[in-house]
Structure formats: C-alpha cells, structure tokens
Amino acid sequence: EHQHQSQFPQMPTRLVDYFCVIGTEGKLERDNQGRHQALDTLEDLSQVAFIPTVVDQYPPNMPSSPLQSHVASFAFPDSLTPSLREKPPQFYTFVLTSETGGRVYGASLLIWEYIESPTVLEWIKNSKYDGKMPSWLPEPGRSKGDDKPADDDAVPEILFMPKTLCVLSHYPFHNAWRTFLQQLYRISLSSAPLPIERYIANFTA
C-alpha cells in the first residue's frame with residue numbers, strides 16, 4: 001500500500017500557490033523576431049498590443065515553487081489591448097505545467113480600468129517604435145486643440161485597459177476561486193474596513 005501511494009506526486013500543503021495581478025507596464029508587444037506590430041495598419045488605439053506582465057504578486061517567489069515566468073502570456077493568450085468602452089468583468093481558467101510535470105491551475109478575473117489616452121500615447125512614444133505611425137495618431141508636439149487634431153474616434157479622451165486578478169493553485173477549485181476573485185473585486189471598489197492586502201494574505205496563507 002505504501003508503494004502504491006508513493007507513485008502519486010505529493011501535493012503542496014498550501015491551498016493557493018500565488019495571487020497575482022497581471023497587466024502591462026506600457027511596453028509595445030513584439031513578435032518572435034523582436035519586431036513591433038505595424039501601427040500604421042491599425043484602425044485605432046484599441047488594436048495596439050502591449051506586453052502583459054505580472055505587476056504584483058503575493059507571496060514573493062518561493063524557491064520550492066517559483067512563479068512561472070510565462071503565466072502572463074497564459075492570462076492574455078490573445079494579446080493585451082485597450083478597449084474603447086468599459087466591459088463587465090469576465091472569469092476564465094487556464095492550466096500550466098510545472099517543471100516537475102505537475103499541473104498548476106490558473107483562475108482569472110479580467111477587469112477593465114480607466115486610463116487617459118495621453119498616457120497610452122506616451123507608452124507608444126517611450127517604446128522606441130521605429131515604424132510608420134498611423135494617420136490617426138496626433139503628431140509629436142501637437143494636441144487635440146491644434147490645427148491637426150487626432151481622430152476623436154480612434155483616439156478618445158479615455159480608454160479602458162485590461163488587468164487580471166489571478167489565483168494559481170495545484171487544486172482545481174474553480175468555483176471557490178471565482179467567488180474569491182469576485183468578492184475581492186467588489187471590496188476593491190468599496191470602502192472596506194481592512195486594506196485589501198489583508199484579505200489576500202489571509203486567503204493565500
């Protein structure tokens with residue numbers, strides 16, 4: 001009986017491996033050859049793709065089970081692009097394979113955060129994009145009040161950037177993760193009596 005049980009990988013005692021927030025630091029996405037997408041072929045800012053990255057996590061990396069570097073690309077498999085309108089939160093799941101061959105289950109709540117378009121335009125400027133600029137982007141040094149304004153439909157005053165709240169665990173308790181992430185999102189929108197970090201720390205302990 002002991003030999004039979006040892007054939008199965010030992011599961012971690014932690015219910016949750018990591019809680020992380022995945023968004024963007026404002027760097028333009030590149031292809032496998034390191035080239036930026038051709039911005040002049042796009043119709044508006046909502047088609048500009050940015051590199052997804054882990055912007056926050058708890059706990060810090062554990063040597064026995066480090067946070068996998070490609071988790072951000074699994075959270076945003078279809079690129080991270082802004083939206084011209086706000087969208088409702090969306091829950092989805094994915095599966096990672098650890099270095100030892102075990103499965104790590106990801107549960108994510110995709111949310112959309114308000115951002116002013118000049119911030120996104122500044123990201124593009126700072127990404128060292130060397131391709132042709134689209135006609136709908138304002139020229140450097142110009143603003144919407146100048147003689148040649150940006151296209152209001154392609155470059156609205158505000159945008160909504162996607163961000164995911166993500167739970168990583170060796171246990172596929174997706175309903176529990178969905179409930180936690182939805183509650184955490186509601187708490188973040190309200191004046192909770194405790195800082196949100198306290199809820200996360202208790203949940204991942």
# chains A, B, ... in the order shown; residues from 1 in each chain; ligands from 1
>>> select_by_dssp(residues="region 10-172 of chain A", states="alpha helix (DSSP H)", output="VMD selection string")
chain A and resid 71 to 75 117 to 126
>>> residues_around(residues="Ile111 (chain A)", least_positions_apart="5", cutoff="6 Å", atoms="only C-alpha atoms", output="MDAnalysis selection string")
chainID A and resid 89 162:163
>>> closest_atom_pairs(of="region 13-98 of chain A", to="region 122-135 of chain A", cutoff="12 Å", atoms="only C-alpha atoms", output="Markdown table")
| residue | atom | partner | partner_atom | distance |
| --- | --- | --- | --- | --- |
| A:Thr24 | CA | A:Trp123 | CA | 10.3 |
| A:Glu25 | CA | A:Trp123 | CA | 8.5 |
| A:Gly26 | CA | A:Trp123 | CA | 5.1 |
| A:Lys27 | CA | A:Ser127 | CA | 5.7 |
| A:Leu28 | CA | A:Ser127 | CA | 6.0 |
| A:Glu29 | CA | A:Ser127 | CA | 9.3 |
| A:Arg30 | CA | A:Tyr129 | CA | 10.2 |
| A:Gly34 | CA | A:Tyr129 | CA | 11.4 |
| A:Arg35 | CA | A:Tyr129 | CA | 9.2 |
| A:His36 | CA | A:Tyr129 | CA | 6.9 |
| A:Gln37 | CA | A:Gly131 | CA | 8.5 |
| A:Ala38 | CA | A:Gly131 | CA | 6.6 |
| A:Leu39 | CA | A:Pro134 | CA | 5.9 |
| A:Asp40 | CA | A:Pro134 | CA | 3.9 |
| A:Thr41 | CA | A:Pro134 | CA | 7.0 |
| A:Leu42 | CA | A:Pro134 | CA | 7.2 |
| A:Glu43 | CA | A:Pro134 | CA | 8.1 |
| A:Asp44 | CA | A:Pro134 | CA | 8.6 |
| A:Leu45 | CA | A:Pro134 | CA | 10.0 |
| A:Gln47 | CA | A:Pro134 | CA | 11.8 |
| A:Val48 | CA | A:Ile124 | CA | 9.0 |
| A:Ala49 | CA | A:Ile124 | CA | 10.1 |
| A:Phe50 | CA | A:Ile124 | CA | 9.3 |
| A:Ile51 | CA | A:Ser127 | CA | 10.9 |
>>> write_last_selection(atoms="N, CA, C and O atoms", output="JSON list (two decimals), in the first residue's frame")
[["chain", "number", "residue", "atom", "x", "y", "z"],
["A", 24, "THR", "N", -0.06, 45.53, -17.71],
["A", 24, "THR", "CA", 1.03, 45.94, -18.58],
["A", 24, "THR", "C", 1.79, 47.10, -17.96],
["A", 24, "THR", "O", 1.23, 47.89, -17.19],
["A", 25, "GLU", "N", 3.06, 47.17, -18.29],
["A", 25, "GLU", "CA", 3.90, 48.30, -17.88],
["A", 25, "GLU", "C", 4.08, 49.29, -19.02],
["A", 25, "GLU", "O", 4.92, 50.17, -18.97],
["A", 26, "GLY", "N", 3.28, 49.11, -20.07],
["A", 26, "GLY", "CA", 3.26, 50.08, -21.16],
["A", 26, "GLY", "C", 4.26, 49.83, -22.28],
["A", 26, "GLY", "O", 4.54, 50.73, -23.06],
["A", 27, "LYS", "N", 4.77, 48.60, -22.39],
["A", 27, "LYS", "CA", 5.72, 48.29, -23.46],
["A", 27, "LYS", "C", 4.99, 47.61, -24.62],
["A", 27, "LYS", "O", 4.21, 46.69, -24.41],
["A", 28, "LEU", "N", 5.27, 48.09, -25.83],
["A", 28, "LEU", "CA", 4.62, 47.54, -27.01],
["A", 28, "LEU", "C", 5.03, 46.09, -27.23],
["A", 28, "LEU", "O", 6.19, 45.71, -27.03],
["A", 29, "GLU", "N", 4.08, 45.28, -27.66],
["A", 29, "GLU", "CA", 4.34, 43.87, -27.93],
["A", 29, "GLU", "C", 5.25, 43.72, -29.15],
["A", 29, "GLU", "O", 5.20, 44.51, -30.09],
["A", 30, "ARG", "N", 6.10, 42.70, -29.10],
["A", 30, "ARG", "CA", 6.98, 42.37, -30.23],
["A", 30, "ARG", "C", 6.75, 40.93, -30.66],
["A", 30, "ARG", "O", 6.31, 40.10, -29.86],
["A", 34, "GLY", "N", 11.47, 40.03, -32.59],
["A", 34, "GLY", "CA", 11.73, 41.28, -31.89],
["A", 34, "GLY", "C", 11.17, 42.51, -32.57],
["A", 34, "GLY", "O", 11.53, 43.64, -32.22],
["A", 35, "ARG", "N", 10.28, 42.33, -33.55],
["A", 35, "ARG", "CA", 9.73, 43.46, -34.28],
["A", 35, "ARG", "C", 8.39, 43.90, -33.68],
["A", 35, "ARG", "O", 7.59, 43.08, -33.27],
["A", 36, "HIS", "N", 8.18, 45.22, -33.65],
["A", 36, "HIS", "CA", 6.90, 45.75, -33.22],
["A", 36, "HIS", "C", 5.83, 45.45, -34.28],
["A", 36, "HIS", "O", 6.15, 45.25, -35.45],
["A", 37, "GLN", "N", 4.56, 45.44, -33.85],
["A", 37, "GLN", "CA", 3.48, 45.35, -34.82],
["A", 37, "GLN", "C", 3.45, 46.66, -35.63],
["A", 37, "GLN", "O", 3.88, 47.71, -35.16],
["A", 38, "ALA", "N", 2.96, 46.58, -36.86],
["A", 38, "ALA", "CA", 2.91, 47.75, -37.74],
["A", 38, "ALA", "C", 1.72, 48.63, -37.35],
["A", 38, "ALA", "O", 0.58, 48.33, -37.70],
["A", 39, "LEU", "N", 2.00, 49.69, -36.61],
["A", 39, "LEU", "CA", 0.91, 50.53, -36.11],
["A", 39, "LEU", "C", 0.13, 51.20, -37.24],
["A", 39, "LEU", "O", -1.06, 51.49, -37.08],
["A", 40, "ASP", "N", 0.78, 51.45, -38.36],
["A", 40, "ASP", "CA", 0.09, 52.14, -39.46],
["A", 40, "ASP", "C", -0.98, 51.28, -40.12],
["A", 40, "ASP", "O", -1.77, 51.78, -40.92],
["A", 41, "THR", "N", -1.02, 49.98, -39.79],
["A", 41, "THR", "CA", -2.06, 49.10, -40.35],
["A", 41, "THR", "C", -3.27, 48.99, -39.43],
["A", 41, "THR", "O", -4.25, 48.33, -39.78],
["A", 42, "LEU", "N", -3.20, 49.64, -38.26],
["A", 42, "LEU", "CA", -4.28, 49.54, -37.28],
["A", 42, "LEU", "C", -5.29, 50.66, -37.47],
["A", 42, "LEU", "O", -4.97, 51.72, -38.02],
["A", 43, "GLU", "N", -6.52, 50.42, -37.01],
["A", 43, "GLU", "CA", -7.59, 51.39, -37.20],
["A", 43, "GLU", "C", -7.73, 52.36, -36.03],
["A", 43, "GLU", "O", -8.20, 53.49, -36.22],
["A", 44, "ASP", "N", -7.35, 51.93, -34.82],
["A", 44, "ASP", "CA", -7.47, 52.81, -33.66],
["A", 44, "ASP", "C", -6.64, 52.25, -32.51],
["A", 44, "ASP", "O", -6.01, 51.19, -32.64],
["A", 45, "LEU", "N", -6.65, 52.96, -31.38],
["A", 45, "LEU", "CA", -5.82, 52.58, -30.23],
["A", 45, "LEU", "C", -6.21, 51.23, -29.63],
["A", 45, "LEU", "O", -5.39, 50.59, -28.98],
["A", 47, "GLN", "N", -6.48, 48.51, -30.98],
["A", 47, "GLN", "CA", -5.79, 47.40, -31.65],
["A", 47, "GLN", "C", -4.29, 47.38, -31.33],
["A", 47, "GLN", "O", -3.58, 46.49, -31.79],
["A", 48, "VAL", "N", -3.83, 48.34, -30.55],
["A", 48, "VAL", "CA", -2.41, 48.38, -30.18],
["A", 48, "VAL", "C", -2.15, 47.38, -29.05],
["A", 48, "VAL", "O", -2.78, 47.45, -27.99],
["A", 49, "ALA", "N", -1.26, 46.43, -29.28],
["A", 49, "ALA", "CA", -0.99, 45.36, -28.31],
["A", 49, "ALA", "C", 0.21, 45.70, -27.43],
["A", 49, "ALA", "O", 1.24, 46.17, -27.92],
["A", 50, "PHE", "N", 0.04, 45.46, -26.13],
["A", 50, "PHE", "CA", 1.10, 45.70, -25.16],
["A", 50, "PHE", "C", 1.52, 44.38, -24.52],
["A", 50, "PHE", "O", 0.75, 43.41, -24.49],
["A", 51, "ILE", "N", 2.73, 44.34, -24.00],
["A", 51, "ILE", "CA", 3.26, 43.12, -23.38],
["A", 51, "ILE", "C", 2.60, 42.92, -22.01],
["A", 51, "ILE", "O", 2.69, 43.80, -21.15]]
>>> atom_distance(atom1="CA of Tyr18 (chain A)", atom2="CA of Leu80 (chain A)")
21.4 Å
>>> residues_around(residues="Ser108 (chain A)", least_positions_apart="6", cutoff="8 Å", atoms="only C-alpha atoms", output="number ranges by chain")
A: 75, 91-93, 164-167, 178, 181
>>> write_last_selection(atoms="N, CA and C atoms", output="compact mmCIF listing (two decimals), in the first residue's frame")
# COMPACT_ATOMS: atom_id res chain seq x y z
N ALA A 75 -2.45 34.24 -19.23
CA ALA A 75 -3.57 35.08 -18.78
C ALA A 75 -4.09 35.94 -19.92
N PHE A 91 -14.67 35.95 -16.00
CA PHE A 91 -13.90 34.90 -15.34
C PHE A 91 -13.50 33.84 -16.34
N TYR A 92 -12.26 33.36 -16.26
CA TYR A 92 -11.81 32.27 -17.12
C TYR A 92 -10.69 31.52 -16.42
N THR A 93 -10.37 30.34 -16.92
CA THR A 93 -9.35 29.48 -16.30
C THR A 93 -8.33 29.03 -17.35
N THR A 164 -5.86 41.40 -15.05
CA THR A 164 -6.45 40.20 -14.48
C THR A 164 -6.01 40.02 -13.02
N LEU A 165 -6.97 39.64 -12.19
CA LEU A 165 -6.70 39.20 -10.83
C LEU A 165 -6.64 37.68 -10.91
N CYS A 166 -5.54 37.09 -10.52
CA CYS A 166 -5.30 35.68 -10.82
C CYS A 166 -4.92 34.87 -9.59
N VAL A 167 -5.52 33.70 -9.45
CA VAL A 167 -5.17 32.73 -8.42
C VAL A 167 -4.50 31.54 -9.10
N ARG A 178 -13.42 31.58 -8.24
CA ARG A 178 -14.30 32.58 -8.85
C ARG A 178 -14.95 33.46 -7.78
N LEU A 181 -12.32 35.85 -6.17
CA LEU A 181 -11.90 36.95 -7.05
C LEU A 181 -13.02 37.97 -7.24
>>> residues_around(residues="Ser69 (chain A)", least_positions_apart="2", cutoff="12 Å", atoms="only C-alpha atoms", output="list in words")
Ile22, Pro52, Thr53, Val54, Asn61, Ser65, Pro66, Leu67, Val71, Ala72, Ser73, Phe74, Ala75, Leu96, Thr97, Ser98 and Glu99 of chain A
>>> write_last_selection(atoms="N, CA, C and O atoms", output="PDB file, in the first residue's frame")
ATOM      1  N   ILE A  22      -1.992  40.755 -13.174  1.00  0.00           N
ATOM      2  CA  ILE A  22      -1.307  40.763 -14.463  1.00  0.00           C
ATOM      3  C   ILE A  22      -1.885  41.884 -15.320  1.00  0.00           C
ATOM      4  O   ILE A  22      -3.087  41.951 -15.559  1.00  0.00           O
ATOM      5  N   PRO A  52       1.946  41.777 -21.774  1.00  0.00           N
ATOM      6  CA  PRO A  52       1.412  41.504 -20.442  1.00  0.00           C
ATOM      7  C   PRO A  52       2.518  41.094 -19.489  1.00  0.00           C
ATOM      8  O   PRO A  52       3.476  40.419 -19.894  1.00  0.00           O
ATOM      9  N   THR A  53       2.412  41.498 -18.253  1.00  0.00           N
ATOM     10  CA  THR A  53       3.436  41.159 -17.269  1.00  0.00           C
ATOM     11  C   THR A  53       2.821  41.099 -15.879  1.00  0.00           C
ATOM     12  O   THR A  53       1.764  41.692 -15.636  1.00  0.00           O
ATOM     13  N   VAL A  54       3.451  40.378 -14.975  1.00  0.00           N
ATOM     14  CA  VAL A  54       2.999  40.316 -13.587  1.00  0.00           C
ATOM     15  C   VAL A  54       3.414  41.621 -12.906  1.00  0.00           C
ATOM     16  O   VAL A  54       4.608  41.887 -12.741  1.00  0.00           O
ATOM     17  N   ASN A  61       8.280  35.245  -4.607  1.00  0.00           N
ATOM     18  CA  ASN A  61       8.678  33.954  -5.158  1.00  0.00           C
ATOM     19  C   ASN A  61       9.194  32.994  -4.095  1.00  0.00           C
ATOM     20  O   ASN A  61      10.061  33.341  -3.303  1.00  0.00           O
ATOM     21  N   SER A  65       8.742  26.577  -5.235  1.00  0.00           N
ATOM     22  CA  SER A  65       7.724  26.622  -6.278  1.00  0.00           C
ATOM     23  C   SER A  65       7.628  28.042  -6.829  1.00  0.00           C
ATOM     24  O   SER A  65       6.676  28.767  -6.544  1.00  0.00           O
ATOM     25  N   PRO A  66       8.625  28.461  -7.615  1.00  0.00           N
ATOM     26  CA  PRO A  66       8.636  29.834  -8.121  1.00  0.00           C
ATOM     27  C   PRO A  66       7.487  30.105  -9.089  1.00  0.00           C
ATOM     28  O   PRO A  66       6.991  29.188  -9.752  1.00  0.00           O
ATOM     29  N   LEU A  67       7.072  31.347  -9.139  1.00  0.00           N
ATOM     30  CA  LEU A  67       6.033  31.759 -10.078  1.00  0.00           C
ATOM     31  C   LEU A  67       6.562  31.615 -11.494  1.00  0.00           C
ATOM     32  O   LEU A  67       7.638  32.118 -11.819  1.00  0.00           O
ATOM     33  N   VAL A  71       3.329  32.902 -17.067  1.00  0.00           N
ATOM     34  CA  VAL A  71       1.946  32.957 -16.621  1.00  0.00           C
ATOM     35  C   VAL A  71       1.208  34.131 -17.253  1.00  0.00           C
ATOM     36  O   VAL A  71       0.016  34.037 -17.549  1.00  0.00           O
ATOM     37  N   ALA A  72       1.903  35.243 -17.498  1.00  0.00           N
ATOM     38  CA  ALA A  72       1.249  36.422 -18.066  1.00  0.00           C
ATOM     39  C   ALA A  72       0.706  36.147 -19.467  1.00  0.00           C
ATOM     40  O   ALA A  72      -0.381  36.609 -19.831  1.00  0.00           O
ATOM     41  N   SER A  73       1.470  35.392 -20.268  1.00  0.00           N
ATOM     42  CA  SER A  73       1.008  35.100 -21.625  1.00  0.00           C
ATOM     43  C   SER A  73      -0.168  34.134 -21.623  1.00  0.00           C
ATOM     44  O   SER A  73      -0.993  34.156 -22.545  1.00  0.00           O
ATOM     45  N   PHE A  74      -0.286  33.288 -20.595  1.00  0.00           N
ATOM     46  CA  PHE A  74      -1.448  32.416 -20.476  1.00  0.00           C
ATOM     47  C   PHE A  74      -2.672  33.219 -20.047  1.00  0.00           C
ATOM     48  O   PHE A  74      -3.795  32.912 -20.436  1.00  0.00           O
ATOM     49  N   ALA A  75      -2.451  34.241 -19.230  1.00  0.00           N
ATOM     50  CA  ALA A  75      -3.565  35.078 -18.785  1.00  0.00           C
ATOM     51  C   ALA A  75      -4.092  35.943 -19.921  1.00  0.00           C
ATOM     52  O   ALA A  75      -5.273  36.299 -19.941  1.00  0.00           O
ATOM     53  N   LEU A  96      -1.329  25.458 -16.337  1.00  0.00           N
ATOM     54  CA  LEU A  96       0.110  25.492 -16.579  1.00  0.00           C
ATOM     55  C   LEU A  96       0.716  24.143 -16.196  1.00  0.00           C
ATOM     56  O   LEU A  96       0.147  23.425 -15.370  1.00  0.00           O
ATOM     57  N   THR A  97       1.851  23.815 -16.768  1.00  0.00           N
ATOM     58  CA  THR A  97       2.585  22.611 -16.391  1.00  0.00           C
ATOM     59  C   THR A  97       3.879  23.029 -15.702  1.00  0.00           C
ATOM     60  O   THR A  97       4.666  23.797 -16.266  1.00  0.00           O
ATOM     61  N   SER A  98       4.073  22.547 -14.491  1.00  0.00           N
ATOM     62  CA  SER A  98       5.260  22.927 -13.726  1.00  0.00           C
ATOM     63  C   SER A  98       6.482  22.186 -14.243  1.00  0.00           C
ATOM     64  O   SER A  98       6.387  21.281 -15.086  1.00  0.00           O
ATOM     65  N   GLU A  99       7.666  22.563 -13.724  1.00  0.00           N
ATOM     66  CA  GLU A  99       8.919  21.928 -14.155  1.00  0.00           C
ATOM     67  C   GLU A  99       8.954  20.446 -13.808  1.00  0.00           C
ATOM     68  O   GLU A  99       9.645  19.666 -14.465  1.00  0.00           O
TER      69      GLU A  99
END
>>> atom_distance(atom1="CA of Trp112 (chain A)", atom2="CA of Tyr185 (chain A)")
11.2 Å
>>> residues_around(residues="Tyr58 (chain A)", least_positions_apart="6", cutoff="12 Å", atoms="only C-alpha atoms", output="list in words")
Val16, Asp17, Tyr18, Phe19, Cys20, Val21, Pro66, Leu67, Leu165, Cys166, Val167, Leu168, Glu197, Arg198, Tyr199, Ile200, Ala201, Asn202, Phe203, Thr204 and Ala205 of chain A
>>> write_last_selection(atoms="C-alpha atoms", output="PDB file, in the first residue's frame")
ATOM      1  CA  VAL A  16      -3.157  28.691  -3.012  1.00  0.00           C
ATOM      2  CA  ASP A  17       0.329  28.990  -4.515  1.00  0.00           C
ATOM      3  CA  TYR A  18       0.102  32.614  -5.624  1.00  0.00           C
ATOM      4  CA  PHE A  19      -2.233  35.516  -6.053  1.00  0.00           C
ATOM      5  CA  CYS A  20      -1.040  37.863  -8.779  1.00  0.00           C
ATOM      6  CA  VAL A  21      -2.140  40.862 -10.763  1.00  0.00           C
ATOM      7  CA  PRO A  66       8.636  29.834  -8.121  1.00  0.00           C
ATOM      8  CA  LEU A  67       6.033  31.759 -10.078  1.00  0.00           C
ATOM      9  CA  LEU A 165      -6.699  39.196 -10.830  1.00  0.00           C
ATOM     10  CA  CYS A 166      -5.301  35.681 -10.823  1.00  0.00           C
ATOM     11  CA  VAL A 167      -5.170  32.729  -8.417  1.00  0.00           C
ATOM     12  CA  LEU A 168      -2.660  29.931  -9.064  1.00  0.00           C
ATOM     13  CA  GLU A 197      -3.755  43.193   1.091  1.00  0.00           C
ATOM     14  CA  ARG A 198      -5.064  41.727   4.360  1.00  0.00           C
ATOM     15  CA  TYR A 199      -7.747  39.746   2.546  1.00  0.00           C
ATOM     16  CA  ILE A 200      -5.212  38.454   0.040  1.00  0.00           C
ATOM     17  CA  ALA A 201      -2.700  37.480   2.750  1.00  0.00           C
ATOM     18  CA  ASN A 202      -5.360  35.575   4.709  1.00  0.00           C
ATOM     19  CA  PHE A 203      -6.585  33.789   1.604  1.00  0.00           C
ATOM     20  CA  THR A 204      -3.144  32.678   0.428  1.00  0.00           C
ATOM     21  CA  ALA A 205      -1.816  31.745   3.902  1.00  0.00           C
TER      22      ALA A 205
END
>>> select_by_dssp(residues="region 19-59 of chain A", states="strand (DSSP E)", output="PyMOL selection string")
chain A and resi 19-28+50-58
